[in-house]
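Source file: entry10.txt. Holds: compact mmCIF, C-alpha atoms.
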```txt
# COMPACT_ATOMS: atom_id res chain seq x y z
CA MET A 698 0.17 1.76 -28.89
CA SER A 699 -3.04 2.17 -26.95
CA SER A 700 -6.66 2.51 -27.92
CA ILE A 701 -7.19 5.10 -25.17
CA GLN A 702 -7.00 8.60 -26.67
CA PHE A 703 -6.33 11.78 -24.70
CA ASP A 704 -9.02 13.76 -26.54
CA LYS A 705 -11.69 11.17 -25.78
CA VAL A 706 -10.85 10.75 -22.10
CA GLN A 707 -12.83 12.90 -19.66
CA VAL A 708 -12.12 13.75 -16.05
CA GLY A 709 -14.34 11.39 -14.06
CA ASP A 710 -14.01 8.47 -16.48
CA LEU A 711 -13.65 5.13 -14.70
CA LEU A 712 -11.08 2.51 -15.60
CA PRO A 713 -12.42 -1.02 -16.12
CA SER A 714 -12.19 -2.54 -12.63
CA LEU A 715 -10.31 -5.73 -11.75
CA THR A 716 -11.58 -8.21 -9.16
CA LEU A 717 -9.25 -10.91 -7.85
CA ALA A 718 -9.78 -14.26 -6.18
CA PRO A 719 -10.01 -14.11 -2.35
CA ILE A 720 -6.61 -14.01 -0.64
CA ASN A 721 -5.51 -17.40 0.67
CA ARG A 722 -2.35 -18.81 2.23
CA THR A 723 -1.20 -20.42 -1.00
CA THR A 724 -1.27 -17.08 -2.81
CA LEU A 725 0.80 -15.51 -0.03
CA ALA A 726 3.36 -18.33 -0.06
CA LEU A 727 3.69 -18.15 -3.83
CA PHE A 728 3.90 -14.35 -3.78
CA ALA A 729 6.64 -14.52 -1.14
CA GLY A 730 8.68 -16.64 -3.51
CA ALA A 731 7.81 -14.77 -6.67
CA SER A 732 8.41 -11.31 -5.21
CA ASN A 733 11.52 -12.19 -3.13
CA ASP A 734 9.73 -10.85 -0.03
CA HIS A 735 10.29 -13.66 2.47
CA ASN A 736 9.10 -11.71 5.52
CA PRO A 737 7.60 -14.46 7.72
CA ILE A 738 4.76 -12.20 8.83
CA HIS A 739 3.04 -13.07 5.53
CA ILE A 740 3.62 -16.83 5.57
CA ASP A 741 4.17 -18.08 9.13
CA THR A 742 1.15 -17.88 11.44
CA ASP A 743 3.25 -18.50 14.57
CA TYR A 744 5.51 -15.59 13.71
CA ALA A 745 2.54 -13.35 12.88
CA ARG A 746 0.95 -14.06 16.27
CA GLN A 747 4.20 -13.32 18.07
CA ALA A 748 4.18 -10.00 16.24
CA ARG A 749 0.69 -9.43 17.73
CA MET A 750 -1.17 -9.90 14.46
CA PRO A 751 -4.21 -12.23 14.40
CA ASP A 752 -2.78 -14.23 11.49
CA VAL A 753 -0.67 -13.86 8.38
CA PHE A 754 -1.84 -11.11 6.04
CA ALA A 755 -1.22 -10.07 2.46
CA HIS A 756 1.92 -8.28 1.33
CA GLY A 757 1.16 -4.65 0.51
CA MET A 758 3.05 -5.18 -2.70
CA LEU A 759 0.65 -7.95 -3.76
CA SER A 760 -2.11 -5.35 -3.78
CA MET A 761 0.16 -2.92 -5.61
CA ALA A 762 0.90 -5.62 -8.20
CA TYR A 763 -2.86 -6.02 -8.69
CA LEU A 764 -3.13 -2.24 -9.15
CA GLY A 765 -0.33 -2.54 -11.70
CA ARG A 766 -2.54 -4.98 -13.59
CA LEU A 767 -5.41 -2.47 -13.40
CA LEU A 768 -3.14 0.09 -15.10
CA THR A 769 -1.64 -2.21 -17.74
CA GLN A 770 -5.02 -3.58 -18.78
CA TRP A 771 -5.97 0.07 -19.54
CA VAL A 772 -2.76 1.33 -21.19
CA ASP A 773 0.56 -0.07 -22.36
CA GLN A 774 3.09 -0.09 -19.51
CA ARG A 775 5.42 2.10 -21.61
CA GLN A 776 2.94 4.95 -21.07
CA ILE A 777 3.07 4.85 -17.25
CA ARG A 778 5.19 7.70 -15.85
CA HIS A 779 4.46 7.46 -12.14
CA PHE A 780 2.69 4.99 -9.84
CA GLY A 781 2.47 5.51 -6.09
CA VAL A 782 0.38 4.15 -3.22
CA ARG A 783 -0.25 4.37 0.51
CA PHE A 784 -1.13 1.18 2.38
CA VAL A 785 -4.01 2.36 4.56
CA GLY A 786 -5.44 -0.95 5.78
CA ILE A 787 -4.38 -4.55 6.12
CA THR A 788 -5.59 -7.03 3.50
CA HIS A 789 -6.46 -10.17 5.43
CA LEU A 790 -7.01 -13.80 4.44
CA GLY A 791 -10.39 -14.17 2.75
CA HIS A 792 -10.50 -10.62 1.49
CA GLN A 793 -11.60 -10.36 -2.11
CA ILE A 794 -9.89 -7.35 -3.62
CA THR A 795 -11.29 -5.14 -6.34
CA CYS A 796 -9.02 -2.58 -7.98
CA SER A 797 -10.60 0.62 -9.25
CA GLY A 798 -9.42 3.81 -10.88
CA LYS A 799 -10.66 7.06 -12.28
CA VAL A 800 -9.31 9.96 -14.31
CA VAL A 801 -8.95 13.06 -12.13
CA GLU A 802 -6.87 15.43 -14.26
CA LYS A 803 -5.74 16.03 -17.84
CA PHE A 804 -2.60 18.06 -18.45
CA GLU A 805 0.54 18.49 -20.56
CA ARG A 806 4.08 18.07 -19.29
CA ASP A 807 7.45 17.41 -20.91
CA GLY A 808 5.78 17.68 -24.31
CA GLU A 809 3.31 14.89 -23.51
CA GLN A 810 -0.41 14.78 -22.97
CA ARG A 811 -0.94 13.06 -19.65
CA VAL A 812 -3.72 12.07 -17.30
CA LYS A 813 -3.64 11.63 -13.56
CA LEU A 814 -5.55 8.67 -12.14
CA GLU A 815 -6.74 8.01 -8.62
CA ILE A 816 -6.58 4.30 -7.89
CA HIS A 817 -7.49 2.14 -4.94
CA THR A 818 -8.19 -1.37 -3.72
CA ALA A 819 -11.13 -2.34 -1.55
CA ASN A 820 -12.28 -5.64 -0.09
CA GLN A 821 -15.73 -7.23 -0.48
CA PHE A 822 -17.01 -5.12 2.45
CA GLY A 823 -16.08 -1.89 0.71
CA GLU A 824 -13.16 -1.17 3.03
CA THR A 825 -10.35 0.71 1.28
CA LYS A 826 -6.97 -0.97 1.71
CA VAL A 827 -4.60 0.76 -0.70
CA LEU A 828 -4.92 4.31 -2.07
CA GLY A 829 -2.77 5.88 -4.72
CA ASP A 830 -2.34 7.68 -7.98
CA ALA A 831 -0.71 7.21 -11.33
CA ILE A 832 0.38 9.45 -14.17
CA VAL A 833 -0.08 8.05 -17.66
CA ALA A 834 0.89 9.53 -21.05
CA LEU A 835 -1.82 9.21 -23.71
CA MET B 3 14.18 4.12 18.26
CA LEU B 4 15.40 4.60 14.72
CA ASP B 5 18.72 6.43 14.58
CA LYS B 6 18.23 9.79 12.89
CA GLN B 7 22.00 10.07 12.43
CA GLN B 8 21.47 7.61 9.58
CA ILE B 9 19.55 10.16 7.49
CA GLY B 10 21.43 10.69 4.25
CA ARG B 11 23.34 7.41 4.50
CA LYS B 12 24.01 5.74 1.17
CA LEU B 13 23.78 1.95 1.17
CA PRO B 14 26.28 -0.05 -0.90
CA ALA B 15 25.21 -0.06 -4.56
CA PHE B 16 24.56 -3.46 -6.11
CA SER B 17 23.61 -4.89 -9.51
CA VAL B 18 21.13 -7.68 -10.24
CA THR B 19 19.49 -9.28 -13.25
CA ALA B 20 15.80 -10.07 -13.53
CA GLU B 21 15.45 -13.61 -14.81
CA ALA B 22 12.70 -14.57 -17.23
CA GLY B 23 11.70 -17.58 -15.13
CA GLN B 24 11.13 -15.41 -12.08
CA LEU B 25 9.06 -12.95 -14.14
CA ARG B 26 6.85 -15.82 -15.35
CA PHE B 27 6.44 -17.05 -11.75
CA PHE B 28 5.52 -13.52 -10.63
CA ALA B 29 3.02 -13.11 -13.48
CA ARG B 30 1.34 -16.42 -12.67
CA THR B 31 1.16 -15.58 -8.96
CA ILE B 32 -0.64 -12.27 -9.52
CA GLY B 33 -3.00 -13.86 -12.04
CA GLU B 34 -1.59 -11.94 -14.99
CA THR B 35 -3.52 -12.65 -18.20
CA ASN B 36 -1.61 -10.40 -20.64
CA PRO B 37 0.85 -12.75 -22.41
CA ILE B 38 3.51 -10.07 -22.92
CA TYR B 39 4.42 -10.68 -19.26
CA PHE B 40 5.01 -14.44 -19.58
CA ASP B 41 5.42 -15.30 -23.29
CA GLU B 42 8.58 -14.02 -25.02
CA ASN B 43 6.96 -14.23 -28.45
CA ALA B 44 4.01 -12.12 -27.37
CA ALA B 45 6.41 -9.62 -25.81
CA ARG B 46 8.42 -9.35 -29.03
CA ASP B 47 5.25 -9.03 -31.11
CA ALA B 48 4.32 -6.06 -28.91
CA GLY B 49 7.68 -4.41 -29.62
CA HIS B 50 9.55 -5.43 -26.47
CA PRO B 51 13.09 -6.88 -26.72
CA ALA B 52 12.33 -9.45 -23.97
CA LEU B 53 9.84 -10.02 -21.15
CA PRO B 54 9.18 -6.63 -19.51
CA LEU B 55 9.49 -6.20 -15.76
CA PRO B 56 5.92 -5.43 -14.61
CA PRO B 57 5.35 -2.07 -12.89
CA THR B 58 6.21 -3.10 -9.32
CA PHE B 59 8.91 -5.72 -9.95
CA LEU B 60 11.86 -3.38 -9.29
CA PHE B 61 10.79 -3.49 -5.64
CA SER B 62 11.28 -7.27 -5.69
CA LEU B 63 14.79 -6.84 -7.05
CA GLU B 64 15.66 -4.58 -4.11
CA PHE B 65 15.39 -7.68 -1.91
CA LEU B 66 18.38 -9.15 -3.75
CA MET B 67 20.69 -6.65 -2.07
CA PRO B 68 23.73 -8.52 -0.72
CA PRO B 69 23.52 -9.19 3.03
CA SER B 70 23.95 -5.95 4.94
CA SER B 71 23.57 -4.94 8.56
CA TRP B 72 22.03 -1.55 7.71
CA ARG B 73 18.64 -2.43 9.20
CA ASP B 74 20.21 -3.33 12.55
CA GLU B 75 22.36 -0.21 12.46
CA VAL B 76 19.31 1.98 11.85
CA GLY B 77 17.40 0.23 14.64
CA ILE B 78 14.77 -1.58 12.61
CA VAL B 79 12.92 -4.38 14.44
CA PRO B 80 11.59 -6.57 11.62
CA SER B 81 8.51 -7.87 13.48
CA ARG B 82 7.33 -4.28 14.08
CA ILE B 83 7.67 -3.07 10.50
CA LEU B 84 4.79 -2.33 8.14
CA HIS B 85 5.02 -1.02 4.60
CA GLY B 86 3.54 2.48 4.63
CA GLU B 87 3.97 3.79 1.11
CA GLU B 88 5.63 2.87 -2.17
CA SER B 89 6.08 4.83 -5.36
CA PHE B 90 7.78 4.43 -8.70
CA THR B 91 8.75 7.15 -11.16
CA TYR B 92 9.58 5.54 -14.49
CA HIS B 93 12.10 6.79 -17.04
CA ARG B 94 12.34 3.73 -19.30
CA MET B 95 11.37 0.07 -19.36
CA ALA B 96 13.48 -2.72 -17.92
CA TYR B 97 13.57 -6.24 -19.31
CA ALA B 98 14.55 -9.78 -18.43
CA GLY B 99 18.31 -10.03 -18.76
CA ASP B 100 19.03 -6.36 -18.04
CA VAL B 101 21.75 -5.78 -15.45
CA LEU B 102 20.15 -3.27 -13.12
CA ARG B 103 22.13 -1.19 -10.66
CA PHE B 104 20.43 -0.12 -7.43
CA GLU B 105 21.68 2.88 -5.46
CA MET B 106 19.75 3.22 -2.21
CA ARG B 107 19.86 5.93 0.40
CA ILE B 108 18.08 6.64 3.64
CA ALA B 109 16.30 9.85 2.75
CA ASP B 110 14.49 10.59 6.00
CA ILE B 111 13.57 9.28 9.44
CA TYR B 112 10.81 10.87 11.51
CA ASP B 113 8.20 9.94 14.09
CA LYS B 114 4.58 10.66 14.96
CA LYS B 115 2.41 10.20 18.03
CA ALA B 116 5.30 10.90 20.41
CA GLY B 117 7.41 8.13 18.94
CA ALA B 118 4.70 5.45 18.86
CA LEU B 119 5.14 5.36 15.10
CA GLU B 120 8.47 5.86 13.39
CA PHE B 121 8.95 6.31 9.66
CA LEU B 122 11.94 5.51 7.47
CA VAL B 123 12.02 6.86 3.92
CA ARG B 124 14.28 5.01 1.50
CA GLU B 125 14.99 6.26 -2.02
CA THR B 126 16.49 4.11 -4.75
CA ARG B 127 17.82 5.07 -8.15
CA VAL B 128 17.82 2.27 -10.72
CA SER B 129 19.91 2.34 -13.89
CA ASN B 130 20.65 -0.27 -16.53
CA GLN B 131 23.77 -1.79 -18.11
CA ARG B 132 23.97 1.17 -20.52
CA GLY B 133 23.97 3.65 -17.65
CA GLU B 134 20.45 4.80 -18.55
CA HIS B 135 18.15 5.93 -15.76
CA VAL B 136 15.34 3.36 -15.44
CA ALA B 137 13.33 4.46 -12.42
CA ASP B 138 13.28 6.01 -8.97
CA LEU B 139 11.67 4.18 -6.07
CA ARG B 140 10.53 5.68 -2.79
CA SER B 141 9.56 3.43 0.13
CA VAL B 142 8.17 4.45 3.49
CA LEU B 143 8.52 1.84 6.24
CA VAL B 144 6.57 2.25 9.48
CA GLN B 145 7.85 0.89 12.78
CA ARG B 146 5.22 0.33 15.48
CA ASN B 147 6.61 0.94 18.96
CA GLY B 148 5.01 0.31 22.34
```

Please render this file's structure as C-alpha cells.
Amino acid sequence: MSSIQFDKVQVGDLLPSLTLAPINRTTLALFAGASNDHNPIHIDTDYARQARMPDVFAHGMLSMAYLGRLLTQWVDQRQIRHFGVRFVGITHLGHQITCSGKVVEKFERDGEQRVKLEIHTANQFGETKVLGDAIVAL
Amino acid sequence: MLDKQQIGRKLPAFSVTAEAGQLRFFARTIGETNPIYFDENAARDAGHPALPLPPTFLFSLEFLMPPSSWRDEVGIVPSRILHGEESFTYHRMAYAGDVLRFEMRIADIYDKKAGALEFLVRETRVSNQRGEHVADLRSVLVQRNG
C-alpha cells in the first residue's frame, strides 16, 4: 500500500514537509463552509474585535487538516491509527504555514509494526502554532 | 463558570451522512492534490469503495448535530471559546455515503489559573451503518474568563 517500509525507517527521519499559501480571508470563508464550522470569529472582523481579538484568525482545524495532508502524502490514510494535536498559538492572516514531522519511535502493538511521529505547524517566522503526534502502521 | 455537574452527561446521539460534494469542497479548500480525495475513479483505483473522509473530517460532521441547548446549559460563552486540543483514534475508514452515528459525552470540566481558563473535554464515539466502530474523537475547548 505504501512505499514506506518499517525496516528502512529510522528514528529521527523527517517526513517531506508541506508549505501552504499564506492564510487569507477567502481561505477562511471557504473553510468555514467546507468544514461546517461557521463560528463568526473566523470570518467576521466585527465579531472578532468584539471578542477582543485583533482580527479574524484561522480555524485550528484548518491547520490540523494541513497536518492531515502531511501524513497522507507520506502514508496511505488506512495506515493512520491515531492523530492528535494541541493548538498552542493562533494562526493569523498572512501567516504562511509549513507542516513538518519526524519519526520518534518504532514499536509493535496489536500485531502491527508502528511508528510514532511528532508533527507540528510553524509560520514563516518559525513560531510553532500546532503541536501533535500520530501513530502510523507500516 | 462551566457547570461541573455536567461531567458525564451524554448528548443526544445523531446520525449524519458525509456527501461527496462536501468532501470535494473540503479537499479543494485545503489545497488537496491527491485525487483519491476528490475523484471517485481515483479513489476506486486505490481500493476505496467511495471518496474517503480525510483524517479530520469527522470533526466537521460533529457540527451537524441537531440544534441543542447543551452549550448554554454547560455555561459556554461562544465568543470566549478557543479550541485547545483535538485527537482522533481510528478503527476503520469512513466514506462518502456512510451513515455515521455520533455519540458524544462531556468527559471532563476543569479550570486553571484560579478559573481564568476553563476546560471542557468532549469525547465522541463514531460508528457506521453496520454498527462498526469507526473512530473516537476527543476535543478540549478552552473558555477564557476575565

I want to know what sits within 8 Å of Ala755 of chain A, based on all atoms listed in the file, with residues of the same chain fewer than 4 positions away left out; could you give that as a list of chain:residue names? A:Ile720, A:Leu725, A:His739, A:Leu759, A:Ser760, A:Ile787, A:Thr788, A:His789, A:Leu790

Can you list, as a list in words, every protein, DNA or RNA residue that comes within 6 Å of Val128 of chain B when you count all atoms listed in the file, leaving out same-chain residues fewer than 3 positions away? Arg103, Phe104, Val136 and Ala137 of chain B

Hey, what's within 8 Å of segment 89-97 of chain B if we count only C-alpha atoms and toss same-chain stuff fewer than 2 positions away? As an MDAnalysis selection string, please? (chainID A and resid 775 777:782) or (chainID B and resid 20 51:55 58 87 99:100 130 135:141)

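Between Ala48 of chain B and the residues A:Asp773, A:Asp743, A:Asp752, A:Asp734, the shortest atom-to-atom distance, using only C-alpha atoms, involves A:Asp773.
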
Quick check, in Å to one decimal: how far apart do atom CA of Val800 of chain A and atom CA of Leu712 of chain A lie? 7.8 Å

Report, in Å to a single decimal, how far apart atom CA of Asp830 of chain A and atom CA of Glu815 of chain A are.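 These two atoms are separated by 4.5 Å.
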
Best match for closeness to Thr723 of chain A among B:Ile38, B:Leu84, B:Ile32, B:Met67, counting all atoms listed in the file: B:Ile32

re atom CA of Pro14 of chain B and atom CA of Ser732 of chain A: distance 21.6 Å

I'd like to know which of A:Val827, A:Val812, A:Ala762, A:Val772 is closest to Asp704 of chain A, using all atoms listed in the file. A:Val812

Could I see segment 47-79 of chain B restored to N, CA and C atoms, set down as a tab-separated table (two decimals), in the frame of the given file?
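The result, written out as rebuild_0.tsv:
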```
chain	number	residue	atom	x	y	z
B	47	ASP	N	6.27	-9.51	-30.18
B	47	ASP	CA	5.25	-9.03	-31.11
B	47	ASP	C	4.73	-7.65	-30.70
B	48	ALA	N	4.80	-7.36	-29.40
B	48	ALA	CA	4.32	-6.06	-28.91
B	48	ALA	C	5.45	-5.01	-28.92
B	49	GLY	N	6.60	-5.38	-29.49
B	49	GLY	CA	7.68	-4.41	-29.62
B	49	GLY	C	8.67	-4.37	-28.48
B	50	HIS	N	8.60	-5.37	-27.58
B	50	HIS	CA	9.55	-5.43	-26.47
B	50	HIS	C	10.72	-6.34	-26.85
B	51	PRO	N	11.94	-6.02	-26.40
B	51	PRO	CA	13.09	-6.88	-26.72
B	51	PRO	C	13.11	-8.19	-25.93
B	52	ALA	N	12.37	-8.26	-24.84
B	52	ALA	CA	12.33	-9.45	-23.97
B	52	ALA	C	11.12	-9.28	-23.05
B	53	LEU	N	10.95	-10.18	-22.09
B	53	LEU	CA	9.84	-10.02	-21.15
B	53	LEU	C	10.04	-8.73	-20.35
B	54	PRO	N	9.04	-7.84	-20.32
B	54	PRO	CA	9.18	-6.63	-19.51
B	54	PRO	C	9.04	-6.93	-18.02
B	55	LEU	N	9.75	-6.15	-17.20
B	55	LEU	CA	9.49	-6.20	-15.76
B	55	LEU	C	8.16	-5.48	-15.52
B	56	PRO	N	7.19	-6.12	-14.87
B	56	PRO	CA	5.92	-5.43	-14.61
B	56	PRO	C	6.14	-4.25	-13.66
B	57	PRO	N	5.12	-3.38	-13.51
B	57	PRO	CA	5.35	-2.07	-12.89
B	57	PRO	C	5.97	-2.09	-11.49
B	58	THR	N	5.69	-3.11	-10.70
B	58	THR	CA	6.21	-3.10	-9.32
B	58	THR	C	7.43	-4.00	-9.13
B	59	PHE	N	7.91	-4.66	-10.18
B	59	PHE	CA	8.91	-5.72	-9.95
B	59	PHE	C	10.26	-5.19	-9.49
B	60	LEU	N	10.58	-3.92	-9.78
B	60	LEU	CA	11.86	-3.38	-9.29
B	60	LEU	C	11.94	-3.47	-7.77
B	61	PHE	N	10.80	-3.35	-7.10
B	61	PHE	CA	10.79	-3.49	-5.64
B	61	PHE	C	11.26	-4.89	-5.24
B	62	SER	N	10.85	-5.90	-6.00
B	62	SER	CA	11.28	-7.27	-5.69
B	62	SER	C	12.79	-7.43	-5.87
B	63	LEU	N	13.34	-6.73	-6.84
B	63	LEU	CA	14.79	-6.84	-7.05
B	63	LEU	C	15.58	-6.18	-5.93
B	64	GLU	N	14.96	-5.21	-5.24
B	64	GLU	CA	15.66	-4.58	-4.11
B	64	GLU	C	15.98	-5.61	-3.01
B	65	PHE	N	15.14	-6.66	-2.93
B	65	PHE	CA	15.39	-7.68	-1.91
B	65	PHE	C	16.66	-8.49	-2.20
B	66	LEU	N	17.18	-8.38	-3.40
B	66	LEU	CA	18.38	-9.15	-3.75
B	66	LEU	C	19.67	-8.42	-3.36
B	67	MET	N	19.52	-7.34	-2.62
B	67	MET	CA	20.69	-6.65	-2.07
B	67	MET	C	21.55	-7.64	-1.29
B	68	PRO	N	22.87	-7.61	-1.50
B	68	PRO	CA	23.73	-8.52	-0.72
B	68	PRO	C	23.52	-8.29	0.78
B	69	PRO	N	23.76	-9.33	1.60
B	69	PRO	CA	23.52	-9.19	3.03
B	69	PRO	C	24.20	-7.94	3.58
B	70	SER	N	23.45	-7.20	4.38
B	70	SER	CA	23.95	-5.95	4.94
B	70	SER	C	23.34	-5.77	6.31
B	71	SER	N	24.07	-5.13	7.19
B	71	SER	CA	23.57	-4.94	8.56
B	71	SER	C	22.89	-3.58	8.72
B	72	TRP	N	22.54	-2.93	7.58
B	72	TRP	CA	22.03	-1.55	7.71
B	72	TRP	C	20.76	-1.48	8.54
B	73	ARG	N	19.90	-2.50	8.44
B	73	ARG	CA	18.64	-2.43	9.20
B	73	ARG	C	18.92	-2.42	10.70
B	74	ASP	N	19.84	-3.30	11.13
B	74	ASP	CA	20.21	-3.33	12.55
B	74	ASP	C	20.82	-1.99	12.97
B	75	GLU	N	21.66	-1.45	12.11
B	75	GLU	CA	22.36	-0.21	12.46
B	75	GLU	C	21.39	0.97	12.56
B	76	VAL	N	20.32	0.91	11.78
B	76	VAL	CA	19.31	1.98	11.85
B	76	VAL	C	18.39	1.77	13.05
B	77	GLY	N	18.27	0.52	13.51
B	77	GLY	CA	17.40	0.23	14.64
B	77	GLY	C	16.07	-0.40	14.25
B	78	ILE	N	16.01	-0.95	13.06
B	78	ILE	CA	14.77	-1.58	12.61
B	78	ILE	C	14.56	-2.91	13.33
B	79	VAL	N	13.34	-3.11	13.84
B	79	VAL	CA	12.92	-4.38	14.44
B	79	VAL	C	11.95	-5.03	13.45
```
